[in-house]
file data-v3.txt (compact mmCIF, C-alpha atoms)
# COMPACT_ATOMS: atom_id res chain seq x y z
CA MET U 1 -14.74 5.40 -20.42
CA ARG U 2 -13.72 6.29 -23.97
CA ARG U 3 -13.16 3.36 -26.33
CA PHE U 4 -10.15 3.20 -28.62
CA LEU U 5 -11.43 2.28 -32.06
CA SER U 6 -9.18 1.01 -34.81
CA LYS U 7 -9.49 -0.11 -38.39
CA GLY U 8 -7.18 -3.11 -38.51
CA THR U 9 -7.12 -6.74 -39.46
CA PRO U 10 -9.60 -9.08 -37.73
CA LYS U 11 -6.73 -10.41 -35.57
CA GLU U 12 -5.71 -6.89 -34.58
CA ASN U 13 -9.28 -5.94 -33.76
CA VAL U 14 -9.63 -9.01 -31.53
CA GLY U 15 -6.44 -8.04 -29.67
CA LEU U 16 -7.58 -4.45 -29.31
CA ALA U 17 -10.98 -5.50 -28.01
CA ARG U 18 -9.35 -7.83 -25.45
CA ASN U 19 -7.08 -5.05 -24.21
CA GLN U 20 -9.94 -2.56 -24.09
CA LYS U 21 -11.95 -4.99 -21.99
CA LEU U 22 -9.10 -5.19 -19.48
CA LEU U 23 -8.83 -1.39 -19.32
CA GLU U 24 -12.58 -1.02 -18.86
CA SER U 25 -12.47 -3.46 -15.94
CA MET U 26 -10.16 -1.00 -14.15
CA GLU U 27 -12.96 1.60 -14.11
CA LEU U 28 -10.56 4.44 -14.88
CA ASP U 29 -11.94 7.96 -15.11
CA ASP U 30 -11.59 10.01 -18.29
CA LYS U 31 -8.41 11.81 -17.18
CA HIS U 32 -6.67 8.43 -16.85
CA THR U 33 -7.93 7.10 -20.18
CA ILE U 34 -5.27 8.20 -22.63
CA GLU U 35 -5.49 8.11 -26.42
CA PHE U 36 -2.75 5.87 -27.82
CA ARG U 37 -1.83 8.47 -30.44
CA ASP U 38 -1.19 11.07 -27.71
CA VAL U 39 1.77 9.09 -26.30
CA THR U 40 5.24 9.35 -27.83
CA LEU U 41 7.87 6.90 -26.63
CA GLY U 42 11.34 8.23 -25.88
CA GLU U 43 14.54 6.81 -24.40
CA PHE U 44 14.55 3.17 -23.28
CA VAL U 45 15.12 3.02 -19.52
CA GLY U 46 15.15 -0.69 -18.71
CA GLU U 47 13.02 -3.78 -18.34
CA GLY U 48 11.82 -6.16 -15.69
CA GLY U 49 9.32 -8.97 -15.47
CA PHE U 50 7.11 -8.80 -18.54
CA ALA U 51 7.49 -5.06 -19.27
CA LYS U 52 9.87 -2.61 -20.91
CA VAL U 53 10.16 0.92 -19.53
CA TYR U 54 10.58 4.08 -21.61
CA LYS U 55 10.60 7.77 -21.03
CA CYS U 56 7.67 9.28 -22.91
CA GLN U 57 5.66 12.36 -23.70
CA ILE U 58 1.93 12.29 -22.99
CA ASP U 59 0.30 15.07 -24.97
CA GLY U 60 3.44 17.15 -24.31
CA ARG U 61 3.89 16.14 -20.65
CA ALA U 62 6.95 14.17 -19.52
CA GLY U 63 6.20 10.74 -18.15
CA VAL U 64 7.24 7.11 -17.98
CA CYS U 65 5.68 4.33 -20.04
CA LYS U 66 5.65 0.73 -18.85
CA GLU U 67 5.07 -1.23 -22.07
CA ILE U 68 3.52 -4.67 -21.63
CA GLN U 69 3.08 -7.13 -24.48
CA SER U 70 -0.45 -8.41 -23.95
CA LYS U 71 0.44 -11.84 -25.37
CA ASN U 72 2.74 -12.34 -22.37
CA LEU U 73 -0.05 -11.88 -19.82
CA ASP U 74 -1.72 -14.93 -18.35
CA ASP U 75 -4.90 -14.66 -16.26
CA GLU U 76 -2.98 -14.07 -13.03
CA ALA U 77 -0.82 -11.34 -14.57
CA ARG U 78 -3.93 -9.64 -15.98
CA TYR U 79 -5.52 -9.72 -12.53
CA LEU U 80 -2.41 -8.22 -10.90
CA LEU U 81 -2.22 -5.46 -13.52
CA LYS U 82 -5.89 -4.66 -13.07
CA ASN U 83 -5.46 -4.60 -9.28
CA GLU U 84 -2.41 -2.31 -9.50
CA CYS U 85 -4.05 0.23 -11.79
CA THR U 86 -7.42 0.15 -10.03
CA ILE U 87 -5.77 1.02 -6.71
CA TRP U 88 -3.04 3.35 -8.01
CA SER U 89 -5.42 5.43 -10.13
CA ARG U 90 -7.36 6.40 -7.00
CA LEU U 91 -4.34 7.73 -5.11
CA ALA U 92 -3.20 11.34 -4.93
CA HIS U 93 -0.43 12.37 -2.53
CA GLN U 94 2.85 14.29 -2.79
CA ASN U 95 4.81 11.26 -1.60
CA ILE U 96 3.24 8.77 -3.99
CA VAL U 97 4.33 8.57 -7.63
CA GLY U 98 1.51 9.91 -9.75
CA PHE U 99 -0.51 7.54 -11.93
CA LEU U 100 -1.13 9.22 -15.31
CA GLY U 101 -3.20 6.63 -17.11
CA MET U 102 -3.46 3.61 -19.38
CA THR U 103 -3.79 3.07 -23.09
CA SER U 104 -3.40 0.21 -25.56
CA ASP U 105 -3.28 -0.92 -29.13
CA ALA U 106 -3.86 -4.41 -30.49
CA THR U 107 -0.71 -5.96 -28.99
CA ARG U 108 0.50 -3.64 -26.22
CA LEU U 109 -0.71 -2.17 -22.94
CA TRP U 110 0.93 1.05 -21.81
CA LEU U 111 0.89 1.99 -18.12
CA LEU U 112 1.80 5.67 -17.78
CA CYS U 113 3.11 7.37 -14.66
CA GLU U 114 4.97 10.42 -13.40
CA PHE U 115 8.63 10.80 -14.38
CA MET U 116 11.02 10.90 -11.40
CA ALA U 117 14.34 12.07 -12.85
CA GLU U 118 16.74 10.79 -10.19
CA GLY U 119 15.79 7.14 -10.15
CA SER U 120 15.29 5.07 -7.02
CA LEU U 121 16.54 5.42 -3.47
CA HIS U 122 18.28 2.07 -3.94
CA GLN U 123 20.27 3.48 -6.87
CA LYS U 124 21.18 6.52 -4.77
CA HIS U 125 22.39 4.25 -1.96
CA GLU U 126 24.57 2.35 -4.44
CA ARG U 127 26.12 5.59 -5.69
CA ARG U 128 26.79 6.74 -2.14
CA ARG U 129 28.34 3.40 -1.21
CA ARG U 130 30.65 3.40 -4.22
CA SER U 131 31.78 6.95 -3.49
CA ARG U 132 32.20 6.19 0.23
CA ALA U 133 29.99 9.12 1.11
CA ALA U 134 29.77 10.34 4.70
CA PRO U 135 26.82 9.04 6.75
CA PRO U 136 23.63 11.07 6.23
CA THR U 137 22.82 13.72 8.82
CA GLU U 138 20.05 13.22 11.34
CA GLU U 139 18.11 16.07 9.70
CA LEU U 140 18.26 14.38 6.28
CA LEU U 141 17.27 10.99 7.68
CA ILE U 142 14.29 12.43 9.49
CA ASN U 143 13.20 14.32 6.39
CA GLN U 144 13.35 11.18 4.26
CA LEU U 145 11.61 9.07 6.88
CA GLN U 146 8.92 11.73 7.25
CA GLN U 147 8.16 11.73 3.54
CA VAL U 148 7.77 7.96 3.29
CA ALA U 149 5.74 7.83 6.51
CA SER U 150 3.47 10.59 5.21
CA GLY U 151 2.73 8.64 2.03
CA MET U 152 2.14 5.43 3.95
CA ASP U 153 -0.06 7.17 6.52
CA TYR U 154 -2.19 8.41 3.61
CA LEU U 155 -2.53 4.85 2.25
CA HIS U 156 -3.44 3.37 5.62
CA ALA U 157 -5.95 6.13 6.38
CA LEU U 158 -7.99 5.43 3.25
CA GLU U 159 -11.29 3.59 3.53
CA PRO U 160 -10.63 0.76 3.14
CA PRO U 161 -6.92 1.02 3.97
CA VAL U 162 -4.40 0.20 1.23
CA LEU U 163 -1.50 -2.09 2.11
CA HIS U 164 1.56 -1.62 -0.08
CA ARG U 165 3.22 -4.94 0.82
CA ASP U 166 6.47 -4.24 -1.02
CA LEU U 167 7.97 -1.18 0.65
CA LYS U 168 11.72 -1.05 -0.04
CA SER U 169 14.34 1.31 -1.47
CA PRO U 170 13.92 0.18 -5.12
CA ASN U 171 10.27 1.27 -4.82
CA ILE U 172 11.05 4.76 -3.50
CA LEU U 173 11.70 7.21 -6.35
CA LEU U 174 13.47 10.58 -6.20
CA GLN U 175 12.93 13.99 -7.73
CA GLY U 176 15.15 16.61 -6.12
CA ASP U 177 14.50 16.47 -2.37
CA ARG U 178 11.17 14.72 -2.88
CA LEU U 179 10.68 11.01 -2.16
CA ALA U 180 7.67 9.17 -3.60
CA ILE U 181 6.38 5.62 -3.15
CA ALA U 182 6.05 3.58 -6.36
CA ASP U 183 5.03 0.12 -7.59
CA PHE U 184 1.55 -0.90 -6.46
CA GLY U 185 1.70 -4.30 -8.13
CA LEU U 186 1.31 -6.12 -4.80
CA ALA U 187 -0.93 -3.55 -3.09
CA ARG U 188 -4.36 -4.55 -1.90
CA TYR U 189 -7.19 -3.28 0.24
CA GLN U 190 -7.28 -4.45 3.86
CA GLU U 191 -10.38 -6.31 4.90
CA ARG U 192 -12.76 -4.30 7.07
CA SER U 193 -12.35 -6.79 9.91
CA GLY U 194 -8.63 -6.02 10.15
CA ALA U 195 -6.13 -8.85 9.79
CA GLY U 196 -7.26 -11.11 7.01
CA ASN U 197 -6.36 -14.17 5.00
CA MET U 198 -4.12 -12.38 2.53
CA THR U 199 -1.49 -14.07 0.40
CA ALA U 200 1.48 -15.28 2.43
CA GLU U 201 5.10 -14.50 1.51
CA THR U 202 4.01 -11.48 -0.53
CA GLY U 203 6.71 -8.90 -1.21
CA SER U 204 10.49 -9.18 -1.02
CA TYR U 205 12.06 -11.51 1.54
CA ARG U 206 14.67 -9.06 2.84
CA TRP U 207 11.95 -6.54 3.76
CA MET U 208 9.16 -8.98 4.63
CA ALA U 209 7.49 -8.93 8.06
CA PRO U 210 7.79 -12.12 10.16
CA GLU U 211 4.05 -12.75 10.27
CA VAL U 212 3.88 -12.63 6.46
CA ILE U 213 6.78 -15.09 6.18
CA ARG U 214 5.10 -17.43 8.70
CA HIS U 215 1.84 -17.51 6.70
CA GLU U 216 -0.08 -15.91 9.57
CA LYS U 217 -2.93 -13.45 9.26
CA TYR U 218 -1.56 -9.94 8.85
CA ASP U 219 -2.69 -6.36 8.44
CA MET U 220 -1.26 -2.91 7.64
CA ARG U 221 1.43 -3.28 10.32
CA CYS U 222 3.39 -5.50 7.93
CA ASP U 223 4.17 -2.25 6.06
CA VAL U 224 5.52 -0.72 9.27
CA TYR U 225 8.06 -3.53 9.57
CA SER U 226 9.18 -2.99 5.96
CA TYR U 227 9.44 0.73 6.70
CA ALA U 228 11.87 -0.03 9.53
CA ILE U 229 14.09 -2.07 7.20
CA LEU U 230 13.91 0.79 4.70
CA GLY U 231 15.02 3.15 7.48
CA TRP U 232 18.01 0.90 8.12
CA GLU U 233 18.88 1.14 4.41
CA MET U 234 18.81 4.93 4.69
CA LEU U 235 21.22 4.74 7.62
CA THR U 236 23.72 2.41 6.00
CA ASP U 237 23.32 2.68 2.18
CA ARG U 238 23.32 -1.13 2.22
CA VAL U 239 20.95 -3.88 1.16
CA PRO U 240 19.54 -5.56 4.29
CA PHE U 241 20.94 -9.01 5.14
CA ASP U 242 23.43 -8.73 2.30
CA ASP U 243 25.56 -11.48 3.84
CA VAL U 244 22.98 -14.21 3.22
CA MET U 245 20.52 -15.31 0.56
CA PRO U 246 17.02 -13.78 0.72
CA VAL U 247 15.40 -17.04 1.90
CA GLU U 248 17.98 -17.40 4.69
CA ALA U 249 17.24 -13.84 5.78
CA ALA U 250 13.52 -14.57 5.88
CA PHE U 251 14.06 -17.72 7.93
CA GLY U 252 16.16 -15.82 10.48
CA VAL U 253 13.57 -13.02 10.74
CA ALA U 254 10.62 -15.37 11.18
CA LYS U 255 12.21 -17.95 13.50
CA SER U 256 14.78 -16.07 15.58
CA ALA U 257 13.86 -12.38 15.20
CA ARG U 258 17.07 -11.65 13.30
CA ARG U 259 17.57 -8.01 12.29
CA PRO U 260 20.30 -6.13 10.43
CA PRO U 261 23.04 -4.77 12.75
CA MET U 262 22.38 -1.22 13.89
CA PRO U 263 25.33 1.14 13.26
CA GLU U 264 26.78 2.49 16.49
CA SER U 265 26.92 5.94 14.94
CA ALA U 266 23.18 6.01 14.20
CA PRO U 267 21.35 8.91 15.90
CA GLU U 268 19.49 7.70 18.98
CA SER U 269 16.16 9.03 17.70
CA ILE U 270 16.47 7.00 14.48
CA GLN U 271 17.59 3.86 16.32
CA THR U 272 14.57 4.08 18.61
CA LEU U 273 12.18 4.57 15.70
CA ILE U 274 13.58 1.68 13.67
CA THR U 275 13.73 -0.83 16.51
CA THR U 276 10.18 0.04 17.55
CA CYS U 277 8.89 -0.37 14.01
CA TRP U 278 10.54 -3.75 13.42
CA ALA U 279 9.15 -5.33 16.60
CA GLN U 280 8.65 -9.07 16.15
CA GLU U 281 5.03 -8.85 17.31
CA ALA U 282 2.97 -6.79 14.88
CA LYS U 283 0.73 -5.36 17.60
CA GLN U 284 3.77 -3.71 19.21
CA ARG U 285 4.56 -1.66 16.09
CA PRO U 286 3.29 1.94 15.92
CA SER U 287 0.89 3.19 13.27
CA PHE U 288 2.15 5.55 10.59
CA SER U 289 0.13 8.40 12.13
CA THR U 290 2.07 7.84 15.37
CA ILE U 291 5.34 7.67 13.42
CA CYS U 292 4.55 10.97 11.65
CA ALA U 293 3.81 12.65 14.99
CA ALA U 294 7.04 11.34 16.54
CA LEU U 295 9.11 12.54 13.59
CA ALA U 296 7.48 15.97 13.74
CA GLU U 297 8.51 16.20 17.39
CA GLU U 298 12.08 15.29 16.43
CA VAL U 299 12.11 18.08 13.86
CA GLN U 300 11.02 20.56 16.53
CA ALA U 301 13.64 19.25 18.97
CA LEU U 302 16.41 19.59 16.38
CA ALA U 303 15.26 23.15 15.62
CA VAL U 304 15.46 24.05 19.32
CA GLU U 305 18.91 22.47 19.64
CA ALA U 306 20.12 24.37 16.59
CA LYS U 307 18.80 27.65 17.99
CA VAL U 308 20.39 27.07 21.40
CA GLY U 309 23.68 26.12 19.75
CA HIS U 310 23.59 29.25 17.61
CA LEU U 311 23.02 31.46 20.66
CA SER U 312 25.88 29.76 22.51
CA VAL U 313 28.25 30.43 19.62
CA ASP U 314 27.17 34.07 19.52
CA GLU U 315 27.79 34.45 23.25
CA LYS U 316 31.26 32.91 23.02
CA SER U 317 32.26 34.97 20.02
CA GLY U 318 30.84 38.22 21.37
CA GLU U 319 33.27 40.78 22.75
CA GLN U 320 32.64 42.91 25.84
CA ALA U 321 32.24 46.55 24.96
CA PRO U 322 35.11 48.74 26.30
CA ALA U 323 34.29 50.94 29.31
CA GLU U 324 33.84 54.66 28.67
CA SER U 325 36.87 56.71 29.49
CA LYS U 326 36.39 59.51 31.97
CA ALA U 327 37.48 62.92 30.99
call {"tool": "encode", "arguments": {"input": "data-v3.txt", "output": "structure tokens"}}
result
Amino acid sequence: MRRFLSKGTPKENVGLARNQKLLESMELDDKHTIEFRDVTLGEFVGEGGFAKVYKCQIDGRAGVCKEIQSKNLDDEARYLLKNECTIWSRLAHQNIVGFLGMTSDATRLWLLCEFMAEGSLHQKHERRRRSRAAPPTEELLINQLQQVASGMDYLHALEPPVLHRDLKSPNILLQGDRLAIADFGLARYQERSGAGNMTAETGSYRWMAPEVIRHEKYDMRCDVYSYAILGWEMLTDRVPFDDVMPVEAAFGVAKSARRPPMPESAPESIQTLITTCWAQEAKQRPSFSTICAALAEEVQALAVEAKVGHLSVDEKSGEQAPAESKA
């Protein structure tokens, strides 16, 4: 790993050395080790937690910079940042937001990632709700569900598998028709033995699987439950359990298997997928490889239906050729 050397005051050099030590602990490869001078900050996008977010240019390439003041990081926050970057930097998939690298100076850590111009799926849902947009088509829903399932199948197929643990619409970013999974701050590797003693109540209550809420051992199938709630968001453009506080929602999910109400207009194929994926018992939920296969079958079925419908229209609109007149 390249070191970032600086001629500064003793205090600045101590800060730089501390930040460099954190970056080195991530074991990033050279392509993810960015020179601080090669990054130019642009428009301020927003802030959350202990970071500010900017558009940026990385040696001429558009990106996003998550700026973290190192003085604000305690030991736990440093561990979580290291965990996020260590995992994220090893991922490469069309439906996962690309990790571009890390850099630092004496006081700041910059996490750099791919720029997704259209924001989050949650923001899109809000815009649709305000404009009272028509419900999404079955084709669009399946396409979106396929993309997220493909990214999650990739994560779960790694060795060892990666659990996201915070799958929800704010963490799905958009670029044109492409959906990509973001935010690996709570991600972790699954233990080789399967369900393990991972941190309870990790993630966001409205999307959290019942076994996680109940402090039980859990595995990658907790992500499948969150995926089902995300699918419900796609159907309705709404935040799940928006009639109660997050903790109340979690209590209802864990104790009485409460779920958001399914719209009567929802396509049967989507209803079946969602209700299967949010099963109360984790072992009853399908894997993402099974979900991907089921969605691929739905795509084929829709294509056949469309072809048959097109032929039927042609037959109805066709006119019988007039009989030849006899001389």
call {"tool": "atom_distance", "arguments": {"input": "data-v3.txt", "atom1": "atom CA of Glu114 of chain U", "atom2": "atom CA of Gly60 of chain U"}}
result
12.9 Å
call {"tool": "residues_around", "arguments": {"input": "data-v3.txt", "residues": "segment 94-105 of chain U", "least_positions_apart": "4", "cutoff": "9 Å", "atoms": "all atoms listed in the file", "output": "number ranges by chain"}}
result
U: 4, 6, 12, 15-16, 19-20, 23, 28, 31-36, 39, 58, 63, 85, 88-90, 109-116, 147-152, 172-173, 178-183
call {"tool": "atom_distance", "arguments": {"input": "data-v3.txt", "atom1": "atom CA of Leu167 of chain U", "atom2": "atom CA of Thr275 of chain U"}}
result
16.9 Å
call {"tool": "residues_around", "arguments": {"input": "data-v3.txt", "residues": "Ala228 of chain U", "least_positions_apart": "5", "cutoff": "8 Å", "atoms": "only C-alpha atoms", "output": "PyMOL selection string"}}
result
chain U and resi 273-275+277-278
call {"tool": "closest_residue", "arguments": {"input": "data-v3.txt", "among": "U:Pro267, U:Gly231, U:Gly48, U:Pro260", "to": "Glu139 of chain U", "atoms": "only C-alpha atoms"}}
result
U:Pro267
call {"tool": "residues_around", "arguments": {"input": "data-v3.txt", "residues": "Gly46 of chain U", "least_positions_apart": "5", "cutoff": "10 Å", "atoms": "all atoms listed in the file", "output": "ChimeraX atom specification"}}
result
/U:51-55,66
call {"tool": "atom_distance", "arguments": {"input": "data-v3.txt", "atom1": "atom CA of Arg132 of chain U", "atom2": "atom CA of Arg238 of chain U"}}
result
11.7 Å
call {"tool": "residues_around", "arguments": {"input": "data-v3.txt", "residues": "segment 221-227 of chain U", "least_positions_apart": "6", "cutoff": "7 Å", "atoms": "only C-alpha atoms", "output": "compact mmCIF listing (two decimals) with C-alpha atoms, in the coordinates of the input"}}
result
# COMPACT_ATOMS: atom_id res chain seq x y z
CA LEU U 163 -1.50 -2.09 2.11
CA HIS U 164 1.56 -1.62 -0.08
CA ARG U 165 3.22 -4.94 0.82
CA LEU U 167 7.97 -1.18 0.65
CA LYS U 168 11.72 -1.05 -0.04
CA TRP U 207 11.95 -6.54 3.76
CA MET U 208 9.16 -8.98 4.63
CA ALA U 209 7.49 -8.93 8.06
CA CYS U 277 8.89 -0.37 14.01
CA TRP U 278 10.54 -3.75 13.42
CA ALA U 282 2.97 -6.79 14.88
CA ARG U 285 4.56 -1.66 16.09
call {"tool": "axis_aligned_box", "arguments": {"input": "data-v3.txt", "around": "segment 67-78 of chain U", "padding_each_side": "4 Å", "output": "JSON"}}
result
{"center_x": 0.1, "center_y": -8.1, "center_z": -19.2, "size_x": 18.0, "size_y": 21.7, "size_z": 20.3}
call {"tool": "residues_around", "arguments": {"input": "data-v3.txt", "residues": "Pro160 of chain U", "least_positions_apart": "2", "cutoff": "12 Å", "atoms": "only C-alpha atoms", "output": "ChimeraX atom specification"}}
result
/U:87,154-158,162-163,188-194,219-220
call {"tool": "closest_residue", "arguments": {"input": "data-v3.txt", "among": "U:Met234, U:Phe50, U:Ser269, U:Pro240", "to": "Leu302 of chain U", "atoms": "all atoms listed in the file"}}
result
U:Ser269
call {"tool": "closest_residue", "arguments": {"input": "data-v3.txt", "among": "U:Ile229, U:Val253, U:Leu141, U:Val212", "to": "Thr276 of chain U", "atoms": "only C-alpha atoms"}}
result
U:Ile229
call {"tool": "closest_residue", "arguments": {"input": "data-v3.txt", "among": "U:Leu81, U:Arg37, U:Thr107, U:Ala62", "to": "Ala17 of chain U", "atoms": "all atoms listed in the file"}}
result
U:Thr107
call {"tool": "closest_residue", "arguments": {"input": "data-v3.txt", "among": "U:Gln146, U:Ser256, U:Thr202, U:Asn171", "to": "Ile291 of chain U", "atoms": "only C-alpha atoms"}}
result
U:Gln146
call {"tool": "build_atoms", "arguments": {"input": "data-v3.txt", "residues": "segment 143-154 of chain U", "atoms": "N, CA and C atoms", "output": "PDB file, in the frame of the given file"}}
result
ATOM      1  N   ASN U 143      13.975  13.811   7.525  1.00  0.00           N
ATOM      2  CA  ASN U 143      13.200  14.320   6.390  1.00  0.00           C
ATOM      3  C   ASN U 143      12.759  13.195   5.466  1.00  0.00           C
ATOM      4  N   GLN U 144      13.687  12.294   5.149  1.00  0.00           N
ATOM      5  CA  GLN U 144      13.350  11.180   4.260  1.00  0.00           C
ATOM      6  C   GLN U 144      12.325  10.245   4.912  1.00  0.00           C
ATOM      7  N   LEU U 145      12.536   9.945   6.172  1.00  0.00           N
ATOM      8  CA  LEU U 145      11.610   9.070   6.880  1.00  0.00           C
ATOM      9  C   LEU U 145      10.227   9.709   6.996  1.00  0.00           C
ATOM     10  N   GLN U 146      10.195  11.020   7.186  1.00  0.00           N
ATOM     11  CA  GLN U 146       8.920  11.730   7.250  1.00  0.00           C
ATOM     12  C   GLN U 146       8.143  11.597   5.942  1.00  0.00           C
ATOM     13  N   GLN U 147       8.837  11.758   4.824  1.00  0.00           N
ATOM     14  CA  GLN U 147       8.160  11.730   3.540  1.00  0.00           C
ATOM     15  C   GLN U 147       7.546  10.355   3.260  1.00  0.00           C
ATOM     16  N   VAL U 148       8.309   9.300   3.520  1.00  0.00           N
ATOM     17  CA  VAL U 148       7.770   7.960   3.290  1.00  0.00           C
ATOM     18  C   VAL U 148       6.639   7.672   4.266  1.00  0.00           C
ATOM     19  N   ALA U 149       6.805   8.059   5.519  1.00  0.00           N
ATOM     20  CA  ALA U 149       5.740   7.830   6.510  1.00  0.00           C
ATOM     21  C   ALA U 149       4.478   8.591   6.152  1.00  0.00           C
ATOM     22  N   SER U 150       4.633   9.788   5.604  1.00  0.00           N
ATOM     23  CA  SER U 150       3.470  10.590   5.210  1.00  0.00           C
ATOM     24  C   SER U 150       2.686   9.880   4.097  1.00  0.00           C
ATOM     25  N   GLY U 151       3.410   9.375   3.094  1.00  0.00           N
ATOM     26  CA  GLY U 151       2.730   8.640   2.030  1.00  0.00           C
ATOM     27  C   GLY U 151       2.062   7.383   2.527  1.00  0.00           C
ATOM     28  N   MET U 152       2.723   6.651   3.417  1.00  0.00           N
ATOM     29  CA  MET U 152       2.140   5.430   3.950  1.00  0.00           C
ATOM     30  C   MET U 152       0.972   5.716   4.884  1.00  0.00           C
ATOM     31  N   ASP U 153       1.057   6.786   5.649  1.00  0.00           N
ATOM     32  CA  ASP U 153      -0.060   7.170   6.520  1.00  0.00           C
ATOM     33  C   ASP U 153      -1.299   7.475   5.670  1.00  0.00           C
ATOM     34  N   TYR U 154      -1.089   8.127   4.539  1.00  0.00           N
ATOM     35  CA  TYR U 154      -2.190   8.410   3.610  1.00  0.00           C
ATOM     36  C   TYR U 154      -2.832   7.103   3.128  1.00  0.00           C
TER      37      TYR U 154
END
